[in-house]
file protein14.cif (mmCIF, C-alpha atoms)
data_my_file
loop_
_atom_site.label_atom_id
_atom_site.label_comp_id
_atom_site.auth_asym_id
_atom_site.auth_seq_id
_atom_site.Cartn_x
_atom_site.Cartn_y
_atom_site.Cartn_z
CA MET A 1 0.00 0.00 0.00
CA ILE A 2 1.43 3.37 -1.05
CA ARG A 3 0.96 6.25 1.41
CA GLN A 4 1.94 9.89 1.67
CA GLY A 5 5.02 10.77 3.67
CA ALA A 6 4.56 12.55 6.99
CA ARG A 7 4.83 16.06 5.46
CA ASN A 8 3.88 15.20 1.87
CA LEU A 9 7.04 17.05 0.85
CA ILE A 10 10.30 16.00 -0.80
CA THR A 11 11.95 16.43 2.61
CA ASP A 12 10.21 13.23 3.71
CA VAL A 13 13.25 11.66 2.04
CA PRO A 14 15.68 11.63 5.00
CA GLY A 15 18.77 13.77 4.61
CA LEU A 16 17.28 16.57 2.51
CA LYS A 17 16.37 20.19 3.21
CA VAL A 18 14.67 22.80 1.04
CA GLY A 19 14.83 26.58 1.25
CA ASN A 20 12.90 29.31 -0.57
CA ALA A 21 13.62 32.98 -1.12
CA GLU A 22 11.48 35.55 -2.93
CA ASP A 23 11.73 39.11 -4.18
CA PHE A 24 8.14 40.34 -4.41
CA GLY A 25 9.25 43.63 -5.96
CA VAL A 26 10.81 41.76 -8.86
CA ARG A 27 8.20 38.96 -8.68
CA THR A 28 10.71 36.17 -8.81
CA GLY A 29 12.32 33.65 -6.51
CA VAL A 30 14.70 30.76 -5.92
CA THR A 31 14.31 27.30 -4.40
CA VAL A 32 17.27 25.21 -3.28
CA LEU A 33 17.50 21.56 -2.23
CA ILE A 34 20.51 20.67 -0.08
CA GLY A 35 21.59 17.21 1.04
CA ASP A 36 23.25 16.48 4.35
CA VAL A 37 26.02 14.82 2.33
CA PRO A 38 26.85 14.84 -1.39
CA SER A 39 24.37 12.72 -3.34
CA PRO A 40 24.62 10.95 -6.70
CA CYS A 41 22.41 12.71 -9.22
CA ALA A 42 21.31 12.53 -12.85
CA VAL A 43 19.27 14.78 -15.13
CA ASP A 44 16.79 14.28 -17.96
CA ILE A 45 15.89 17.19 -20.27
CA ARG A 46 12.68 16.94 -22.31
CA GLY A 47 11.73 20.48 -23.30
CA GLY A 48 12.93 22.40 -26.34
CA ALA A 49 14.22 25.49 -24.51
CA PRO A 50 16.15 24.49 -21.36
CA GLY A 51 18.44 26.66 -19.28
CA THR A 52 20.90 24.99 -16.93
CA ARG A 53 24.16 25.34 -15.04
CA ASP A 54 26.68 22.55 -14.38
CA THR A 55 24.57 19.68 -15.68
CA ASP A 56 27.68 18.18 -17.33
CA ALA A 57 28.90 17.26 -13.85
CA LEU A 58 25.93 14.88 -13.58
CA ASP A 59 27.05 12.70 -16.48
CA PRO A 60 27.81 9.20 -15.10
CA VAL A 61 31.29 9.33 -16.65
CA SER A 62 32.22 12.58 -14.89
CA LEU A 63 34.72 12.69 -12.03
CA VAL A 64 32.53 14.03 -9.23
CA GLU A 65 30.30 11.35 -7.72
CA GLY A 66 28.01 13.53 -5.61
CA ILE A 67 26.23 16.86 -5.77
CA ASP A 68 25.85 19.20 -2.79
CA ALA A 69 22.77 21.14 -3.88
CA LEU A 70 20.25 21.66 -6.67
CA VAL A 71 18.71 25.02 -7.51
CA LEU A 72 15.43 25.89 -9.23
CA SER A 73 15.26 29.57 -10.13
CA GLY A 74 13.16 32.16 -11.88
CA GLY A 75 14.76 34.83 -13.99
CA SER A 76 15.45 33.02 -17.25
CA ALA A 77 19.23 33.00 -17.91
CA PHE A 78 19.73 35.68 -15.25
CA GLY A 79 18.64 33.07 -12.69
CA LEU A 80 21.76 31.04 -13.41
CA ASP A 81 23.47 33.38 -10.93
CA ALA A 82 21.52 31.72 -8.09
CA PRO A 83 23.72 28.60 -7.79
CA ALA A 84 26.73 30.87 -7.14
CA GLY A 85 24.96 32.25 -4.07
CA VAL A 86 24.26 28.73 -2.84
CA GLN A 87 27.90 27.81 -3.44
CA SER A 88 29.08 30.70 -1.27
CA VAL A 89 26.94 29.51 1.66
CA LEU A 90 28.11 25.91 1.31
CA LYS A 91 31.76 26.96 0.96
CA ALA A 92 31.49 28.87 4.25
CA GLN A 93 30.21 25.64 5.82
CA GLY A 94 33.26 23.72 4.59
CA ARG A 95 31.22 21.77 2.04
CA GLY A 96 32.41 20.77 -1.40
CA TYR A 97 34.64 18.55 -3.49
CA GLU A 98 38.24 18.36 -2.30
CA ILE A 99 40.52 18.80 -5.30
CA ALA A 100 43.69 18.56 -3.21
CA PRO A 101 44.63 19.10 0.45
CA GLY A 102 45.03 22.78 1.24
CA LEU A 103 42.98 24.02 -1.70
CA PRO A 104 39.47 25.44 -1.28
CA ARG A 105 36.72 22.89 -1.47
CA VAL A 106 34.37 23.39 -4.42
CA PRO A 107 30.65 22.89 -3.66
CA ILE A 108 28.99 21.12 -6.59
CA VAL A 109 25.72 22.93 -7.31
CA SER A 110 23.65 22.44 -10.44
CA GLY A 111 20.73 24.67 -11.37
CA ALA A 112 17.85 25.06 -13.80
CA ILE A 113 15.82 28.14 -14.62
CA LEU A 114 12.34 29.10 -15.77
CA PHE A 115 11.13 32.23 -17.55
CA ASP A 116 9.26 34.69 -15.33
CA LEU A 117 10.47 37.98 -16.83
CA ALA A 118 6.90 38.70 -17.96
CA SER A 119 5.43 38.14 -14.49
CA GLY A 120 5.25 41.85 -13.68
CA GLY A 121 7.33 43.54 -11.02
CA ASN A 122 10.39 45.70 -11.50
CA LYS A 123 12.95 43.86 -13.61
CA ASP A 124 15.26 46.89 -13.86
CA TRP A 125 17.71 45.64 -11.22
CA GLY A 126 20.79 47.38 -12.57
CA ASP A 127 24.24 45.85 -12.94
CA GLU A 128 23.74 43.05 -10.39
CA THR A 129 20.89 40.58 -10.71
CA PRO A 130 19.07 39.62 -7.49
CA TYR A 131 19.62 35.92 -8.02
CA ARG A 132 22.95 35.39 -6.27
CA ARG A 133 21.48 37.06 -3.18
CA LEU A 134 18.28 35.03 -3.48
CA GLY A 135 20.35 31.85 -3.76
CA GLN A 136 22.17 32.73 -0.54
CA ARG A 137 18.90 33.47 1.26
CA ALA A 138 17.31 30.24 0.06
CA ALA A 139 20.31 28.20 1.20
CA ASP A 140 20.28 29.90 4.61
CA ALA A 141 16.56 29.16 4.95
CA ALA A 142 16.82 25.46 4.11
CA GLY A 143 14.88 23.16 6.42
CA ILE A 144 12.50 20.21 6.39
CA ASP A 145 9.36 22.39 6.18
CA PHE A 146 8.80 24.91 3.41
CA ALA A 147 6.01 26.79 1.65
CA LEU A 148 4.31 25.85 -1.62
CA GLY A 149 2.48 27.89 -4.26
CA ASN A 150 3.77 31.47 -4.54
CA ALA A 151 7.07 30.51 -2.94
CA GLY A 152 10.64 30.32 -4.16
CA ALA A 153 10.95 29.58 -7.86
CA GLY A 154 7.16 29.36 -8.08
CA LEU A 155 6.52 33.03 -7.29
CA GLY A 156 6.52 34.31 -10.87
CA ALA A 157 5.37 31.06 -12.50
CA ILE A 158 2.30 30.70 -14.74
CA ALA A 159 0.77 27.33 -15.69
CA GLY A 160 -1.32 27.61 -18.83
CA ALA A 161 -3.95 30.25 -18.06
CA TYR A 162 -3.53 29.93 -14.27
CA LYS A 163 -1.06 31.09 -11.66
CA GLY A 164 1.68 28.49 -11.43
CA GLY A 165 3.69 27.73 -8.34
CA LEU A 166 6.00 25.54 -6.33
CA GLY A 167 4.70 22.05 -5.63
CA SER A 168 5.89 19.01 -3.73
CA ALA A 169 4.63 15.54 -2.84
CA SER A 170 5.98 12.33 -1.36
CA ALA A 171 5.13 8.65 -1.28
CA VAL A 172 6.26 5.73 0.86
CA THR A 173 6.08 2.13 -0.34
CA GLU A 174 4.95 -0.85 1.70
CA ASP A 175 8.61 -1.80 2.14
CA GLU A 176 9.45 1.74 3.33
CA TYR A 177 11.26 3.25 0.37
CA THR A 178 10.50 6.97 0.11
CA VAL A 179 10.18 8.97 -3.11
CA GLY A 180 9.65 12.74 -3.17
CA ALA A 181 9.06 15.34 -5.86
CA LEU A 182 9.70 19.09 -5.96
CA VAL A 183 8.61 21.19 -8.95
CA ALA A 184 8.22 24.77 -10.17
CA VAL A 185 5.30 24.80 -12.62
CA ASN A 186 5.58 27.39 -15.41
CA SER A 187 4.14 25.47 -18.36
CA VAL A 188 2.68 26.28 -21.75
CA GLY A 189 0.23 23.45 -21.15
CA SER A 190 -2.85 23.50 -18.96
CA PRO A 191 -3.04 21.54 -15.69
CA VAL A 192 -6.85 21.27 -15.97
CA LEU A 193 -9.10 18.99 -18.06
CA PRO A 194 -10.91 21.05 -20.74
CA GLY A 195 -14.33 22.31 -19.71
CA SER A 196 -13.86 21.37 -16.06
CA ASP A 197 -12.22 22.26 -12.76
CA VAL A 198 -10.50 18.87 -12.55
CA PHE A 199 -6.73 18.50 -12.62
CA TRP A 200 -5.26 16.18 -15.22
CA ALA A 201 -3.43 14.53 -12.31
CA TRP A 202 -6.67 13.59 -10.53
CA PRO A 203 -6.21 9.76 -10.78
CA PHE A 204 -3.02 10.01 -8.70
CA GLU A 205 -4.30 12.34 -5.96
CA MET A 206 -3.87 11.20 -2.36
CA ALA A 207 -5.99 12.39 0.57
CA GLY A 208 -7.54 15.34 -1.27
CA GLU A 209 -4.16 17.09 -1.56
CA PHE A 210 -5.30 19.28 -4.46
CA GLY A 211 -9.03 19.61 -3.85
CA GLY A 212 -10.43 16.16 -4.56
CA LYS A 213 -12.23 17.13 -7.79
CA ARG A 214 -13.30 14.29 -10.10
CA PRO A 215 -14.48 14.40 -13.73
CA SER A 216 -18.16 14.17 -14.56
CA PRO A 217 -19.29 11.16 -16.65
CA GLU A 218 -20.67 13.73 -19.12
CA LEU A 219 -17.25 15.35 -19.69
CA LYS A 220 -16.43 15.34 -23.40
CA PRO A 221 -12.95 15.22 -24.99
CA GLY A 222 -11.51 18.68 -25.50
CA PRO A 223 -9.69 20.23 -28.47
CA LEU A 224 -6.26 19.05 -29.50
CA LEU A 225 -4.71 22.13 -27.86
CA PRO A 226 -6.64 23.30 -24.77
CA LEU A 227 -8.16 26.77 -24.76
CA ASP A 228 -6.64 27.46 -21.33
CA MET A 229 -3.05 26.82 -22.32
CA LYS A 230 -0.69 29.79 -22.23
CA GLY A 231 -1.74 32.31 -24.86
CA ALA A 232 1.19 33.79 -26.80
CA VAL A 233 3.70 30.97 -26.62
CA ARG A 234 7.30 31.79 -27.47
CA ALA A 235 10.38 29.65 -27.04
CA GLY A 236 12.24 30.22 -23.79
CA GLU A 237 9.29 31.79 -21.94
CA ASN A 238 8.04 28.71 -20.12
CA THR A 239 9.40 25.59 -18.39
CA THR A 240 8.50 23.16 -15.65
CA ILE A 241 11.61 22.20 -13.67
CA ALA A 242 11.60 19.40 -11.12
CA ILE A 243 13.59 17.27 -8.70
CA ILE A 244 12.89 13.64 -7.81
CA ALA A 245 14.58 12.21 -4.73
CA THR A 246 14.64 8.80 -3.09
CA ASP A 247 16.35 7.15 -0.14
CA ALA A 248 16.95 4.02 -2.21
CA ALA A 249 20.65 3.59 -2.97
CA LEU A 250 20.80 4.00 -6.74
CA THR A 251 23.75 4.38 -9.07
CA ARG A 252 23.95 7.39 -11.37
CA ILE A 253 22.93 5.22 -14.32
CA GLU A 254 19.90 3.97 -12.37
CA LEU A 255 19.09 7.57 -11.42
CA LYS A 256 19.14 8.51 -15.10
CA ARG A 257 16.50 5.86 -15.73
CA LEU A 258 14.52 7.12 -12.74
CA ALA A 259 14.56 10.65 -14.19
CA ILE A 260 13.48 9.38 -17.62
CA MET A 261 10.57 7.46 -16.13
CA ALA A 262 9.62 10.37 -13.87
CA ALA A 263 9.17 12.56 -16.95
CA ASP A 264 5.89 10.73 -17.52
CA GLY A 265 4.62 12.72 -14.54
CA PHE A 266 4.72 15.85 -16.72
CA ALA A 267 2.42 14.17 -19.27
CA ARG A 268 0.06 12.99 -16.51
CA ALA A 269 -0.41 16.52 -15.19
CA LEU A 270 -0.07 18.96 -18.14
CA ARG A 271 -1.31 19.16 -21.74
CA PRO A 272 0.51 19.80 -24.05
CA VAL A 273 3.92 19.02 -22.59
CA HIS A 274 7.58 18.89 -23.69
CA THR A 275 6.77 21.48 -26.36
CA PRO A 276 9.31 23.49 -28.38
CA PHE A 277 8.46 26.39 -26.05
CA ASP A 278 9.19 24.62 -22.73
CA GLY A 279 12.50 23.76 -21.08
CA ASP A 280 11.17 20.83 -19.05
CA LEU A 281 13.84 19.17 -16.93
CA ILE A 282 14.04 16.62 -14.11
CA TYR A 283 16.87 16.00 -11.69
CA ALA A 284 16.92 12.66 -9.86
CA LEU A 285 19.05 12.10 -6.77
CA SER A 286 19.53 9.46 -4.11
CA THR A 287 20.43 9.91 -0.47
CA GLY A 288 21.43 6.23 -0.38
CA ARG A 289 19.97 5.57 3.06
CA ARG A 290 18.34 2.23 2.09
CA ALA A 291 19.97 -0.59 0.12
CA LEU A 292 18.11 -1.49 -3.06
CA LYS A 293 16.64 -4.97 -3.17
CA GLU A 294 17.24 -7.47 -5.94
CA PRO A 295 16.51 -7.75 -8.78
CA ARG A 296 17.68 -4.16 -9.15
CA PRO A 297 16.09 -3.43 -12.57
CA LEU A 298 12.68 -4.43 -11.22
CA GLU A 299 13.08 -2.17 -8.18
CA VAL A 300 14.24 0.75 -10.33
CA MET A 301 11.15 0.25 -12.50
CA ARG A 302 8.90 0.27 -9.44
CA LEU A 303 10.48 3.46 -8.10
CA GLY A 304 10.24 5.08 -11.54
CA VAL A 305 6.48 4.52 -11.67
CA LEU A 306 6.13 6.01 -8.19
CA ALA A 307 8.33 8.96 -9.16
CA ALA A 308 6.12 9.78 -12.16
CA ASP A 309 2.97 9.59 -10.02
CA SER A 310 4.55 11.76 -7.32
CA LEU A 311 5.66 14.37 -9.85
CA ALA A 312 2.14 14.57 -11.32
CA ARG A 313 0.76 15.14 -7.82
CA ALA A 314 3.39 17.77 -7.06
CA ILE A 315 2.53 19.68 -10.27
CA ALA A 316 -1.15 19.80 -9.36
CA ARG A 317 -0.32 20.82 -5.78
CA GLY A 318 1.89 23.66 -7.03
CA VAL A 319 -0.99 25.10 -9.06
CA TYR A 320 -3.60 24.39 -6.37
CA GLU A 321 -1.57 26.12 -3.64
CA ALA A 322 -0.75 29.19 -5.75
CA GLU A 323 -2.48 32.54 -5.20
CA SER A 324 -3.56 35.10 -7.79
CA LEU A 325 -0.81 37.58 -8.60
CA GLY A 326 -1.44 40.67 -10.68
CA PRO A 327 -3.67 39.86 -13.64
CA VAL A 328 -3.01 36.10 -13.45
CA ARG A 329 -5.79 34.33 -11.54
CA SER A 330 -5.14 31.29 -9.42
CA TYR A 331 -6.92 27.97 -9.90
CA ARG A 332 -8.85 28.48 -6.69
CA ASP A 333 -9.95 32.02 -7.54
CA THR A 334 -11.05 30.72 -10.96
CA PHE A 335 -13.02 27.70 -9.84
CA LEU A 336 -13.66 27.72 -6.09
#
call {"tool": "encode", "arguments": {"input": "protein14.cif", "output": "structure tokens"}}
result
Amino acid sequence: MIRQGARNLITDVPGLKVGNAEDFGVRTGVTVLIGDVPSPCAVDIRGGAPGTRDTDALDPVSLVEGIDALVLSGGSAFGLDAPAGVQSVLKAQGRGYEIAPGLPRVPIVSGAILFDLASGGNKDWGDETPYRRLGQRAADAAGIDFALGNAGAGLGAIAGAYKGGLGSASAVTEDEYTVGALVAVNSVGSPVLPGSDVFWAWPFEMAGEFGGKRPSPELKPGPLLPLDMKGAVRAGENTTIAIIATDAALTRIELKRLAIMAADGFARALRPVHTPFDGDLIYALSTGRRALKEPRPLEVMRLGVLAADSLARAIARGVYEAESLGPVRSYRDTFL
């Protein structure tokens, strides 16, 4: 029997903390996930317009085995400054890869960005972007409890025609493996079934976590492209970026497969998805707290299914928990 974790957050995976920081004047924010120790990690990129920093370090053939932190940021390419702020906090804590005795340790921090430059707010920040500072604040704020919706990287996000946001969910298997998802939802596609107030992710909902709405038997199929998708779609102006974590001890190659399978969670929660205008991306990491049972491929498959379901739930939660901001109405203000 699959159940929610105690918090229904990615931090139900032991050894992880999450911090958010926002600038409401700019209408943007940063979310950071930090492990107690470096964790093996992989990445899968599905969208046509991604923006990333230091994803090459996650290749299974690369030298560094573990990553210290992952960053989700608003700001389009400007948001790639945020990992540097996280690095500065971790360096002060003595974290990072030791190149040689006596040399500074180098915290390994990868990041992905979404486009929120059209979210309103004052984007005229001068010579220095706010993202390094936001990265520092998010790292300092990291803990096991954190806000969803208009928080962190979700502050300036828009999902189809609705206010997007930061979402998270967790699941625990009958044999006590934990999988968690963290996502900033800023998609071209709609999270809602056409002609209804029902989330696409409704079959995977647990304990009414995003409102408990169910489709009517009279609901008819909608158009090929939903009317409530994002209006004027342009490449580089969208993106849903996510992190999947588990306490199962997986290799980096197994984590790559986990990330690939987890990408199905995008398709279970948004329509259309992985478009030329999105930069959809999933990180997958393992804290390695629980040995993986044999046969390993079967267990990886089982965790991959759970990861996709958890990501779909997290996407719907991110939209459900968001609040109206400026002219963009939230799901709840639209339907409830």
call {"tool": "residues_around", "arguments": {"input": "protein14.cif", "residues": "A:Lys256", "least_positions_apart": "6", "cutoff": "9 Å", "atoms": "all atoms listed in the file", "output": "list of chain:residue names"}}
result
A:Cys41, A:Ala42, A:Val43, A:Asp44, A:Pro60, A:Tyr283, A:Ala284
call {"tool": "atom_distance", "arguments": {"input": "protein14.cif", "atom1": "atom CA of A:Val13", "atom2": "atom CA of A:Thr178"}}
result
5.8 Å
call {"tool": "atom_distance", "arguments": {"input": "protein14.cif", "atom1": "atom CA of A:Tyr97", "atom2": "atom CA of A:Ala248"}}
result
22.9 Å
call {"tool": "resolve_selection", "arguments": {"input": "protein14.cif", "expression": "the PyMOL selection byres ((chain A and resi 257-267) around 8)", "output": "VMD selection string"}}
result
chain A and resid 42 to 44 46 244 253 to 256 268 to 273 282 to 284 300 to 301 303 to 312 315
call {"tool": "atom_distance", "arguments": {"input": "protein14.cif", "atom1": "atom CA of A:Phe115", "atom2": "atom CA of A:Thr52"}}
result
12.2 Å
call {"tool": "residues_around", "arguments": {"input": "protein14.cif", "residues": "stretch 209-216 of chain A", "least_positions_apart": "2", "cutoff": "8 Å", "atoms": "all atoms listed in the file", "output": "JSON list (two decimals) with C-alpha atoms, keeping the file's coordinate frame"}}
result
[["chain", "number", "residue", "atom", "x", "y", "z"],
["A", 196, "SER", "CA", -13.86, 21.37, -16.06],
["A", 197, "ASP", "CA", -12.22, 22.26, -12.76],
["A", 198, "VAL", "CA", -10.50, 18.87, -12.55],
["A", 199, "PHE", "CA", -6.73, 18.50, -12.62],
["A", 202, "TRP", "CA", -6.67, 13.59, -10.53],
["A", 205, "GLU", "CA", -4.30, 12.34, -5.96],
["A", 206, "MET", "CA", -3.87, 11.20, -2.36],
["A", 207, "ALA", "CA", -5.99, 12.39, 0.57],
["A", 218, "GLU", "CA", -20.67, 13.73, -19.12],
["A", 219, "LEU", "CA", -17.25, 15.35, -19.69],
["A", 316, "ALA", "CA", -1.15, 19.80, -9.36],
["A", 317, "ARG", "CA", -0.32, 20.82, -5.78],
["A", 320, "TYR", "CA", -3.60, 24.39, -6.37],
["A", 321, "GLU", "CA", -1.57, 26.12, -3.64]]
call {"tool": "resolve_selection", "arguments": {"input": "protein14.cif", "expression": "the PyMOL selection byres ((chain A and resi 161-171) around 8)", "output": "PyMOL selection string"}}
result
chain A and resi 2-5+7-10+12+148-160+172-173+178-187+190+228-231+306+310-311+313-319+321-325+328-331
call {"tool": "closest_residue", "arguments": {"input": "protein14.cif", "among": "A:Ser110, A:Thr239, A:Thr251, A:Thr334", "to": "A:Thr55", "atoms": "all atoms listed in the file"}}
result
A:Ser110
call {"tool": "residues_around", "arguments": {"input": "protein14.cif", "residues": "A:Ala77", "least_positions_apart": "5", "cutoff": "12 Å", "atoms": "only C-alpha atoms", "output": "MDAnalysis selection string"}}
result
chainID A and resid 49:53 72 82:83 111:117 129 131 236:237 279
call {"tool": "resolve_selection", "arguments": {"input": "protein14.cif", "expression": "the PyMOL selection byres ((chain A and resi 125) around 12)", "output": "PyMOL selection string"}}
result
chain A and resi 23+25-27+75+78+117+121-124+126-131
call {"tool": "residues_around", "arguments": {"input": "protein14.cif", "residues": "A:Glu98", "least_positions_apart": "4", "cutoff": "12 Å", "atoms": "all atoms listed in the file", "output": "PyMOL selection string"}}
result
chain A and resi 38+63-66+91+94+102-108
call {"tool": "closest_residue", "arguments": {"input": "protein14.cif", "among": "A:Leu336, A:Ile45, A:Val18, A:Ala147", "to": "A:Val86", "atoms": "only C-alpha atoms"}}
result
A:Val18
call {"tool": "closest_residue", "arguments": {"input": "protein14.cif", "among": "A:Ser76, A:Ser88, A:Gln136, A:Ser119", "to": "A:Asp278", "atoms": "all atoms listed in the file"}}
result
A:Ser76
call {"tool": "closest_residue", "arguments": {"input": "protein14.cif", "among": "A:His274, A:Arg252, A:Arg302, A:Arg133", "to": "A:Gly47", "atoms": "all atoms listed in the file"}}
result
A:His274
call {"tool": "closest_residue", "arguments": {"input": "protein14.cif", "among": "A:Glu174, A:Pro297, A:Ala141, A:Pro276", "to": "A:Val188", "atoms": "only C-alpha atoms"}}
result
A:Pro276
call {"tool": "build_atoms", "arguments": {"input": "protein14.cif", "residues": "stretch 256-270 of chain A", "atoms": "N, CA, C and O atoms", "output": "compact mmCIF listing (two decimals), in the coordinates of the input"}}
result
# COMPACT_ATOMS: atom_id res chain seq x y z
N LYS A 256 19.51 8.01 -13.77
CA LYS A 256 19.14 8.51 -15.10
C LYS A 256 17.85 7.85 -15.56
O LYS A 256 16.95 8.51 -16.08
N ARG A 257 17.73 6.55 -15.36
CA ARG A 257 16.50 5.86 -15.73
C ARG A 257 15.33 6.35 -14.88
O ARG A 257 14.21 6.51 -15.39
N LEU A 258 15.57 6.60 -13.61
CA LEU A 258 14.52 7.12 -12.74
C LEU A 258 14.02 8.47 -13.26
O LEU A 258 12.81 8.72 -13.31
N ALA A 259 14.94 9.35 -13.67
CA ALA A 259 14.56 10.65 -14.19
C ALA A 259 13.76 10.51 -15.49
O ALA A 259 12.77 11.22 -15.70
N ILE A 260 14.19 9.60 -16.36
CA ILE A 260 13.48 9.38 -17.62
C ILE A 260 12.05 8.91 -17.35
O ILE A 260 11.09 9.41 -17.95
N MET A 261 11.91 7.96 -16.45
CA MET A 261 10.57 7.46 -16.13
C MET A 261 9.73 8.53 -15.44
O MET A 261 8.52 8.65 -15.69
N ALA A 262 10.35 9.32 -14.59
CA ALA A 262 9.62 10.37 -13.87
C ALA A 262 9.05 11.41 -14.82
O ALA A 262 8.03 12.06 -14.50
N ALA A 263 9.67 11.58 -15.99
CA ALA A 263 9.17 12.56 -16.95
C ALA A 263 7.74 12.27 -17.37
O ALA A 263 7.02 13.17 -17.83
N ASP A 264 7.29 11.03 -17.23
CA ASP A 264 5.89 10.73 -17.52
C ASP A 264 4.95 11.51 -16.60
O ASP A 264 3.78 11.74 -16.96
N GLY A 265 5.45 11.92 -15.44
CA GLY A 265 4.62 12.72 -14.54
C GLY A 265 4.22 14.05 -15.15
O GLY A 265 3.13 14.58 -14.86
N PHE A 266 5.08 14.63 -16.00
CA PHE A 266 4.72 15.85 -16.72
C PHE A 266 3.48 15.59 -17.59
O PHE A 266 2.53 16.38 -17.60
N ALA A 267 3.51 14.48 -18.34
CA ALA A 267 2.42 14.17 -19.27
C ALA A 267 1.14 13.80 -18.53
O ALA A 267 0.05 13.94 -19.09
N ARG A 268 1.25 13.33 -17.30
CA ARG A 268 0.06 12.99 -16.51
C ARG A 268 -0.59 14.21 -15.88
O ARG A 268 -1.71 14.11 -15.38
N ALA A 269 0.09 15.34 -15.90
CA ALA A 269 -0.41 16.52 -15.19
C ALA A 269 -0.59 17.75 -16.07
O ALA A 269 -1.25 18.71 -15.64
N LEU A 270 -0.03 17.77 -17.29
CA LEU A 270 -0.07 18.96 -18.14
C LEU A 270 -0.33 18.54 -19.59
O LEU A 270 0.12 17.49 -20.04
